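Data block for final_3.txt (compact mmCIF, C-alpha atoms):
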```txt
# COMPACT_ATOMS: atom_id res chain seq x y z
CA MET A 23 59.69 46.53 102.26
CA LYS A 24 61.83 45.30 99.35
CA LYS A 25 60.45 48.09 97.17
CA ILE A 26 61.33 50.69 99.82
CA ALA A 27 64.82 49.26 100.13
CA LYS A 28 65.32 49.46 96.36
CA VAL A 29 64.11 53.05 96.26
CA SER A 30 66.44 53.96 99.16
CA MET A 31 69.37 52.27 97.44
CA PHE A 32 68.60 54.08 94.18
CA ALA A 33 68.40 57.40 95.99
CA ALA A 34 71.72 56.71 97.74
CA LEU A 35 73.33 55.96 94.38
CA ILE A 36 72.04 59.24 92.94
CA VAL A 37 73.40 61.18 95.90
CA ALA A 38 76.76 59.40 95.68
CA ALA A 39 76.98 60.10 91.95
CA TYR A 40 76.12 63.76 92.51
CA LEU A 41 78.70 64.19 95.28
CA GLY A 42 81.37 62.44 93.27
CA LEU A 43 80.70 63.55 89.69
CA TRP A 44 78.73 66.79 89.55
CA PRO A 45 80.90 69.42 87.79
CA VAL A 46 82.30 72.26 89.88
CA PRO A 47 84.10 75.43 88.70
CA ILE A 48 87.43 74.64 90.39
CA VAL A 49 90.29 72.29 89.51
CA PRO A 50 91.83 72.10 92.99
CA VAL A 51 95.58 71.79 93.48
CA SER A 52 97.17 69.96 96.40
CA TRP A 53 99.42 72.03 98.63
CA THR A 54 100.89 71.96 102.13
CA ALA A 55 99.39 74.49 104.52
CA PRO A 56 101.59 75.60 107.42
CA THR A 57 100.38 74.79 110.91
CA PRO A 58 98.26 77.77 112.05
CA PRO A 59 100.08 79.87 114.67
CA GLY A 60 96.90 80.47 116.65
CA TYR A 61 96.22 83.60 118.66
CA THR A 62 99.33 83.60 120.81
CA GLY A 63 102.42 85.75 121.27
CA ILE A 64 102.17 88.99 119.30
CA HIS A 65 98.73 87.80 118.09
CA ALA A 66 97.39 87.05 121.60
CA VAL A 67 93.63 87.63 121.79
CA ASN A 68 92.72 91.21 122.68
CA GLN A 69 89.80 93.65 122.46
CA ARG A 70 91.65 96.65 120.98
CA LEU A 71 89.41 96.76 117.91
CA ALA A 72 86.13 96.37 119.78
CA GLY A 73 83.68 99.25 120.24
CA LEU A 74 84.46 101.13 117.03
CA ARG A 75 82.61 104.34 116.29
CA GLN A 76 80.80 104.20 112.98
CA ILE A 77 80.41 106.46 109.94
CA ALA A 78 77.21 105.59 108.07
CA LEU A 79 77.42 105.41 104.27
CA GLY A 80 73.87 106.36 103.36
CA GLY A 81 72.75 102.85 102.53
CA GLU A 82 75.86 101.90 100.55
CA VAL A 83 77.73 98.71 101.45
CA GLY A 84 81.29 97.44 101.22
CA PRO A 85 84.01 100.03 101.98
CA GLU A 86 86.73 97.48 101.07
CA HIS A 87 89.47 100.15 100.98
CA VAL A 88 89.59 103.61 102.54
CA LEU A 89 91.95 106.27 101.14
CA ALA A 90 92.88 109.51 102.87
CA GLY A 91 93.18 112.18 100.17
CA ARG A 92 95.46 115.20 100.23
CA ASP A 93 92.32 117.33 100.42
CA GLY A 94 91.62 115.95 103.91
CA LYS A 95 88.71 113.87 102.61
CA LEU A 96 88.13 110.13 102.82
CA TYR A 97 87.47 108.12 99.67
CA THR A 98 86.08 104.59 99.44
CA GLY A 99 84.62 102.33 96.77
CA VAL A 100 81.42 100.40 97.50
CA PHE A 101 79.50 97.45 96.10
CA SER A 102 77.21 99.56 93.90
CA GLY A 103 80.19 100.73 91.85
CA LYS A 104 80.27 104.19 93.38
CA ILE A 105 83.28 105.90 94.89
CA LEU A 106 82.20 107.91 97.91
CA ARG A 107 83.90 111.01 99.30
CA MET A 108 83.37 112.47 102.78
CA ASN A 109 84.92 114.56 105.51
CA ALA A 110 87.07 112.88 108.14
CA ASP A 111 84.03 112.69 110.45
CA GLY A 112 81.77 111.32 107.70
CA GLY A 113 80.12 114.66 106.99
CA ALA A 114 79.44 115.99 103.48
CA LEU A 115 79.06 112.45 102.13
CA GLU A 116 78.78 112.46 98.34
CA THR A 117 79.22 110.26 95.29
CA TYR A 118 82.56 111.28 93.81
CA ALA A 119 82.33 108.96 90.78
CA ASP A 120 80.65 105.79 89.56
CA THR A 121 82.84 103.25 87.77
CA GLY A 122 80.00 100.90 86.87
CA GLY A 123 82.10 98.04 88.27
CA ARG A 124 83.44 97.19 91.72
CA PRO A 125 86.10 99.68 92.87
CA LEU A 126 88.57 98.21 95.39
CA GLY A 127 92.08 99.67 95.78
CA LEU A 128 92.51 103.45 95.48
CA ASP A 129 95.45 105.86 95.22
CA PHE A 130 96.15 109.32 93.80
CA ASP A 131 98.75 110.07 91.15
CA GLY A 132 100.83 113.25 90.99
CA ALA A 133 98.32 115.00 88.72
CA GLY A 134 95.43 114.53 91.15
CA ASN A 135 93.81 111.66 89.27
CA LEU A 136 92.23 109.01 91.48
CA ILE A 137 93.66 105.66 90.34
CA VAL A 138 91.27 102.77 90.90
CA ALA A 139 91.77 99.01 90.86
CA ASP A 140 88.30 97.92 89.79
CA ALA A 141 87.64 94.19 90.07
CA VAL A 142 85.26 94.30 87.09
CA LYS A 143 86.65 97.04 84.83
CA GLY A 144 90.42 96.83 85.38
CA LEU A 145 92.76 99.73 86.16
CA LEU A 146 90.89 103.04 85.98
CA SER A 147 91.62 106.75 86.35
CA VAL A 148 89.14 109.28 87.69
CA ALA A 149 90.19 112.76 86.57
CA PRO A 150 89.70 115.87 88.75
CA ASP A 151 86.61 116.62 86.65
CA ARG A 152 85.36 113.15 87.76
CA SER A 153 85.40 111.58 84.31
CA VAL A 154 86.35 107.90 84.36
CA SER A 155 88.72 106.28 81.87
CA VAL A 156 90.24 102.81 81.51
CA LEU A 157 94.03 102.67 81.76
CA ALA A 158 94.43 98.91 81.42
CA ASP A 159 92.08 95.95 81.15
CA GLN A 160 94.51 93.46 79.62
CA VAL A 161 98.19 92.57 79.62
CA GLY A 162 99.94 90.60 76.89
CA GLY A 163 96.61 90.00 75.22
CA GLU A 164 95.13 88.41 78.35
CA ALA A 165 92.28 89.98 80.29
CA ILE A 166 92.86 91.47 83.72
CA ARG A 167 90.16 89.53 85.56
CA PHE A 168 90.34 90.82 89.13
CA ALA A 169 92.18 94.12 89.69
CA ASP A 170 92.46 94.49 93.45
CA GLY A 171 95.18 96.56 95.19
CA VAL A 172 97.00 99.58 93.71
CA ALA A 173 99.95 101.83 94.50
CA VAL A 174 101.28 104.81 92.53
CA ALA A 175 105.05 105.42 92.53
CA ALA A 176 106.70 108.83 92.66
CA ASN A 177 107.80 108.39 89.03
CA GLY A 178 104.16 107.94 87.97
CA LYS A 179 104.26 104.21 87.37
CA ILE A 180 101.28 102.31 88.78
CA TYR A 181 101.56 98.92 90.44
CA PHE A 182 98.48 96.81 90.97
CA SER A 183 97.40 93.24 91.62
CA ASP A 184 95.37 90.98 89.38
CA ALA A 185 94.18 88.65 92.13
CA SER A 186 93.19 85.72 89.92
CA GLN A 187 93.33 84.78 86.27
CA ARG A 188 90.80 82.04 86.93
CA PHE A 189 87.91 83.75 88.70
CA GLY A 190 86.52 87.23 88.26
CA PRO A 191 83.57 88.81 90.06
CA VAL A 192 80.12 87.88 88.78
CA GLN A 193 77.58 90.66 89.38
CA ARG A 194 80.29 92.46 91.41
CA ASP A 195 80.54 89.56 93.89
CA THR A 196 84.24 89.67 94.78
CA MET A 197 83.79 87.44 97.84
CA GLU A 198 82.58 84.46 95.77
CA ALA A 199 85.41 84.80 93.26
CA ALA A 200 87.99 85.08 96.05
CA MET A 201 86.58 82.00 97.77
CA LEU A 202 86.79 79.93 94.57
CA ASP A 203 90.36 81.02 93.90
CA VAL A 204 91.52 80.16 97.43
CA LEU A 205 89.72 76.81 97.25
CA GLU A 206 91.41 75.96 93.97
CA GLN A 207 94.96 77.10 94.92
CA SER A 208 96.12 77.26 91.30
CA SER A 209 98.14 80.39 92.17
CA THR A 210 97.43 82.49 89.10
CA GLY A 211 97.52 85.83 90.91
CA ARG A 212 100.03 88.40 89.71
CA VAL A 213 101.40 91.90 90.18
CA LEU A 214 101.32 94.26 87.22
CA GLU A 215 102.92 97.59 86.32
CA TYR A 216 101.23 100.25 84.19
CA ASP A 217 103.51 102.90 82.71
CA PRO A 218 101.40 105.97 81.81
CA ALA A 219 104.22 107.48 79.76
CA ARG A 220 104.20 104.49 77.40
CA LYS A 221 100.59 103.44 78.06
CA ALA A 222 101.96 99.93 78.51
CA THR A 223 101.30 97.18 81.06
CA ARG A 224 103.71 94.43 82.05
CA VAL A 225 103.87 91.54 84.53
CA VAL A 226 106.15 92.15 87.51
CA ALA A 227 105.49 88.85 89.31
CA GLY A 228 103.15 85.86 89.18
CA GLY A 229 102.46 82.55 90.88
CA LEU A 230 100.57 84.12 93.79
CA SER A 231 97.57 82.54 95.49
CA PHE A 232 95.13 85.45 95.31
CA SER A 233 97.39 88.51 95.15
CA ASN A 234 95.73 91.29 97.09
CA GLY A 235 97.05 94.49 98.71
CA VAL A 236 99.99 96.34 97.13
CA LEU A 237 102.22 99.01 98.70
CA LEU A 238 105.54 100.62 97.76
CA SER A 239 108.51 100.63 100.11
CA GLY A 240 109.85 103.95 101.37
CA ASP A 241 112.72 103.91 98.85
CA GLN A 242 110.33 102.89 96.01
CA ARG A 243 112.50 99.90 95.11
CA TRP A 244 110.21 97.20 96.50
CA LEU A 245 106.57 96.24 96.55
CA TYR A 246 104.85 94.70 99.55
CA VAL A 247 102.17 92.31 98.29
CA SER A 248 99.59 90.34 100.28
CA GLU A 249 99.10 86.74 99.19
CA SER A 250 95.74 85.99 100.78
CA GLY A 251 95.49 82.31 99.84
CA LYS A 252 98.75 81.36 101.55
CA TYR A 253 98.64 83.69 104.57
CA ARG A 254 101.74 85.73 103.80
CA VAL A 255 103.12 89.08 102.65
CA TRP A 256 105.84 89.30 100.00
CA LYS A 257 108.57 91.82 99.27
CA ILE A 258 109.02 91.97 95.48
CA ALA A 259 111.43 94.13 93.48
CA VAL A 260 109.70 96.76 91.34
CA ASP A 261 112.09 95.99 88.47
CA ALA A 262 111.30 92.27 88.50
CA ALA A 263 110.13 91.00 85.13
CA GLY A 264 107.65 88.15 85.29
CA VAL A 265 109.30 86.50 88.28
CA ASP A 266 107.44 83.41 89.52
CA VAL A 267 107.36 83.60 93.31
CA ARG A 268 107.11 79.79 93.50
CA VAL A 269 110.72 79.65 92.31
CA ALA A 270 113.44 80.98 94.63
CA SER A 271 114.62 84.43 93.54
CA PRO A 272 116.41 87.36 95.21
CA GLN A 273 113.72 89.57 93.68
CA ALA A 274 110.89 87.97 95.68
CA GLN A 275 111.15 87.34 99.41
CA VAL A 276 108.53 86.35 101.98
CA LEU A 277 108.38 89.11 104.61
CA LEU A 278 105.52 87.85 106.81
CA ASP A 279 104.64 84.16 106.80
CA ASN A 280 102.00 81.89 108.34
CA LEU A 281 99.69 84.68 109.47
CA PRO A 282 96.62 83.73 111.55
CA GLY A 283 94.22 85.04 108.89
CA TYR A 284 93.87 86.07 105.25
CA PRO A 285 96.05 89.16 104.56
CA ASP A 286 94.35 91.89 102.56
CA ASN A 287 94.96 95.63 102.09
CA LEU A 288 98.29 97.30 102.88
CA VAL A 289 98.32 100.99 103.87
CA ARG A 290 101.17 103.25 105.04
CA GLY A 291 100.57 104.65 108.52
CA ALA A 292 102.20 107.02 111.01
CA GLY A 293 105.95 106.71 111.46
CA GLY A 294 106.27 104.67 108.28
CA ARG A 295 104.58 101.59 109.71
CA ILE A 296 102.37 99.51 107.43
CA TRP A 297 98.81 98.52 108.34
CA LEU A 298 97.49 95.17 107.18
CA GLY A 299 93.95 93.85 107.41
CA LEU A 300 93.20 90.18 108.00
CA SER A 301 89.85 89.56 106.34
CA GLY A 302 89.06 86.44 108.35
CA PRO A 303 90.70 83.82 110.58
CA ARG A 304 92.17 80.57 109.32
CA ASN A 305 89.65 77.72 109.14
CA ASP A 306 89.14 74.07 108.17
CA LEU A 307 90.37 74.72 104.63
CA ASP A 308 93.86 74.08 105.98
CA LYS A 309 92.84 70.49 106.71
CA MET A 310 91.81 70.06 103.07
CA ALA A 311 95.04 71.51 101.63
CA ASP A 312 96.40 68.13 100.50
CA LYS A 313 92.94 66.71 99.74
CA PRO A 314 91.67 68.33 96.52
CA TYR A 315 88.74 65.91 96.28
CA LEU A 316 87.36 67.22 99.58
CA ARG A 317 87.34 70.76 98.22
CA LYS A 318 85.37 69.56 95.20
CA LEU A 319 82.98 67.74 97.50
CA MET A 320 82.54 70.88 99.56
CA LEU A 321 81.35 72.83 96.51
CA ARG A 322 78.78 70.14 95.72
CA LEU A 323 77.17 70.51 99.13
CA PRO A 324 74.36 73.05 99.60
CA ARG A 325 75.74 76.28 101.09
CA ALA A 326 73.32 75.86 103.99
CA LEU A 327 75.42 72.88 105.11
CA TRP A 328 78.68 74.83 105.10
CA PRO A 329 80.04 75.79 108.54
CA GLU A 330 79.49 79.46 109.29
CA PRO A 331 82.78 81.42 109.11
CA LYS A 332 83.76 82.86 112.47
CA PRO A 333 83.37 86.66 112.43
CA TYR A 334 86.64 88.07 113.75
CA GLY A 335 88.02 91.58 113.34
CA HIS A 336 91.80 91.80 113.07
CA VAL A 337 94.29 94.39 111.82
CA LEU A 338 97.99 94.68 112.51
CA ALA A 339 100.91 96.97 111.74
CA PHE A 340 104.48 96.07 110.84
CA THR A 341 107.74 97.78 109.91
CA GLU A 342 109.51 97.46 106.57
CA ASP A 343 111.78 94.77 108.00
CA GLY A 344 108.77 92.64 108.96
CA ARG A 345 108.56 93.40 112.69
CA ILE A 346 104.96 93.49 113.94
CA VAL A 347 104.43 96.56 116.12
CA ALA A 348 100.66 96.58 116.66
CA ASP A 349 97.90 93.96 116.75
CA LEU A 350 94.25 94.95 117.19
CA GLN A 351 91.43 92.41 117.40
CA ASP A 352 87.68 92.17 117.85
CA PRO A 353 86.83 88.56 118.81
CA GLY A 354 83.18 89.61 119.15
CA GLY A 355 82.95 89.96 115.38
CA ALA A 356 81.35 93.42 115.20
CA SER A 357 83.86 94.05 112.37
CA PRO A 358 83.84 90.62 110.72
CA VAL A 359 85.68 91.22 107.42
CA THR A 360 88.44 93.69 108.25
CA THR A 361 90.16 94.18 104.91
CA GLY A 362 92.49 96.95 106.06
CA ALA A 363 93.13 100.06 108.13
CA THR A 364 93.94 103.69 107.27
CA GLU A 365 95.71 105.84 109.85
CA VAL A 366 95.36 109.60 109.54
CA ALA A 367 95.17 112.56 111.90
CA GLY A 368 95.09 110.40 115.00
CA ARG A 369 92.31 108.15 113.76
CA LEU A 370 92.38 104.58 112.50
CA TYR A 371 89.67 103.87 109.92
CA ILE A 372 88.82 100.20 109.40
CA HIS A 373 88.10 98.85 105.92
CA ASN A 374 85.31 96.26 105.78
CA VAL A 375 84.08 94.63 102.58
CA GLY A 376 80.76 93.56 104.13
CA ALA A 377 79.80 96.62 106.18
CA GLY A 378 77.39 99.49 105.64
CA SER A 379 79.64 101.87 107.56
CA ILE A 380 83.28 102.72 108.22
CA GLY A 381 84.40 101.97 111.76
CA TRP A 382 87.08 104.09 113.40
CA LEU A 383 88.92 104.56 116.65
CA GLN A 384 91.15 107.24 118.12
CA ARG A 385 94.86 106.39 118.14
```

Once you've parsed the file, please lay out its structure as structure tokens.
Amino acid sequence: MKKIAKVSMFAALIVAAYLGLWPVPIVPVSWTAPTPPGYTGIHAVNQRLAGLRQIALGGEVGPEHVLAGRDGKLYTGVFSGKILRMNADGGALETYADTGGRPLGLDFDGAGNLIVADAVKGLLSVAPDRSVSVLADQVGGEAIRFADGVAVAANGKIYFSDASQRFGPVQRDTMEAAMLDVLEQSSTGRVLEYDPARKATRVVAGGLSFSNGVLLSGDQRWLYVSESGKYRVWKIAVDAAGVDVRVASPQAQVLLDNLPGYPDNLVRGAGGRIWLGLSGPRNDLDKMADKPYLRKLMLRLPRALWPEPKPYGHVLAFTEDGRIVADLQDPGGASPVTTGATEVAGRLYIHNVGAGSIGWLQR
């Protein structure tokens, strides 16, 4: 019995040492999470996103962003690195280009080039002849590690997010990198500007906890930027120069705060409203906000012991002054990772980083 007790004690010491000392990839920062608003008021639980019709993608997975082109076609990047093009009903599905990385945000410039924020490759351009070129993969001598959202201004300048300077996708796995960045909360996300006339890239703003979707205001003077890790959407001046959003500035204002989920893509819809995807509901990470050691401990546990995230579809629309005018949910989780929504020709197409199809509903 004494021998068994010694073995048990030794095993317990090994486990304790592992849980306390085993190296993890994050250096977590303490922060104060706002009290979750819950699903009340404008966000009251509803079924408006349930029962979506589906457009199959021929075995491809991960339409994280859906762009409506001026040619009436839909464009989306998928996990394999391909950019798919199809009719509005999903017909004539084809591979438009292959970046060899992980294409996320998409937009067209005035010359008909498809501008791509590729999480692996950086900022790319796909010419009308479908050739792919790199516009920017570094800024100030530092690598762009996680290009995410993108928006092209009328003057040709391109604004895009570099979600994290700490974690980039490994084998195209953007979800893992995003999870690590949000767990760490070091707030290294930034918004960048690429000027094609000068072939130069500069930092517009930094200090963001996983900077995500990017959209220009109607007057082109402001950028709306999703900060996924802190549940908010910013309004940042396009002419800002390296502003740190953690320091009060008239050039960076919080427009939407304390959202019930992780804000993702931003897309202009009918009547000028802006659609925002919430890629998942708030969870127990909030309780660990001021306890960095617990976040380290979490990473040392086998993933099988992690609580399963609640699948919950959720998109909303707001006006440029921050008034929410639509809120669509699917509590049943048929659309579990709703990264955004694209409204065109009376249809609302739902972006979903984990799906093998594009869901849509009639508006």

Could you tell me how far CA of Ile180 in chain A sits from CA of Leu230 in chain A, in Å to one decimal place?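 According to the coordinates, CA of Leu230 in chain A and CA of Ile180 in chain A are separated by 18.9 Å.
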
Name the residues within 7 Å of (99.4, 82.7, 103.6), counting only C-alpha atoms in the file's coordinates, and put them as a PyMOL selection string. chain A and resi 249-254+279-281+284

Using all atoms listed in the file, which residue out of A:Gly63, A:Gly127, A:Gly264, A:Gly190 lies closest to Asp170 in chain A?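 Ranking A:Gly63, A:Gly127, A:Gly264, A:Gly190 by distance to Asp170 in chain A, first place goes to A:Gly127.
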
Just to confirm, what's the straight-line distance from CA of Val83 in chain A to CA of Arg385 in chain A in Å (one decimal)?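 Separation of CA of Val83 in chain A and CA of Arg385 in chain A: 25.1 Å.
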
Counting all atoms listed in the file, the residue of A:Asp184, A:Arg317, A:Gly80, A:Leu370 that sits nearest Val46 in chain A: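 Nearest to Val46 in chain A: A:Arg317.
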
Residues near Ala262 in chain A, cut-off 8 Å, only C-alpha atoms, skip fewer than 6 positions along chain, as a list in words: Val226, Ala227 and Gln273 of chain A
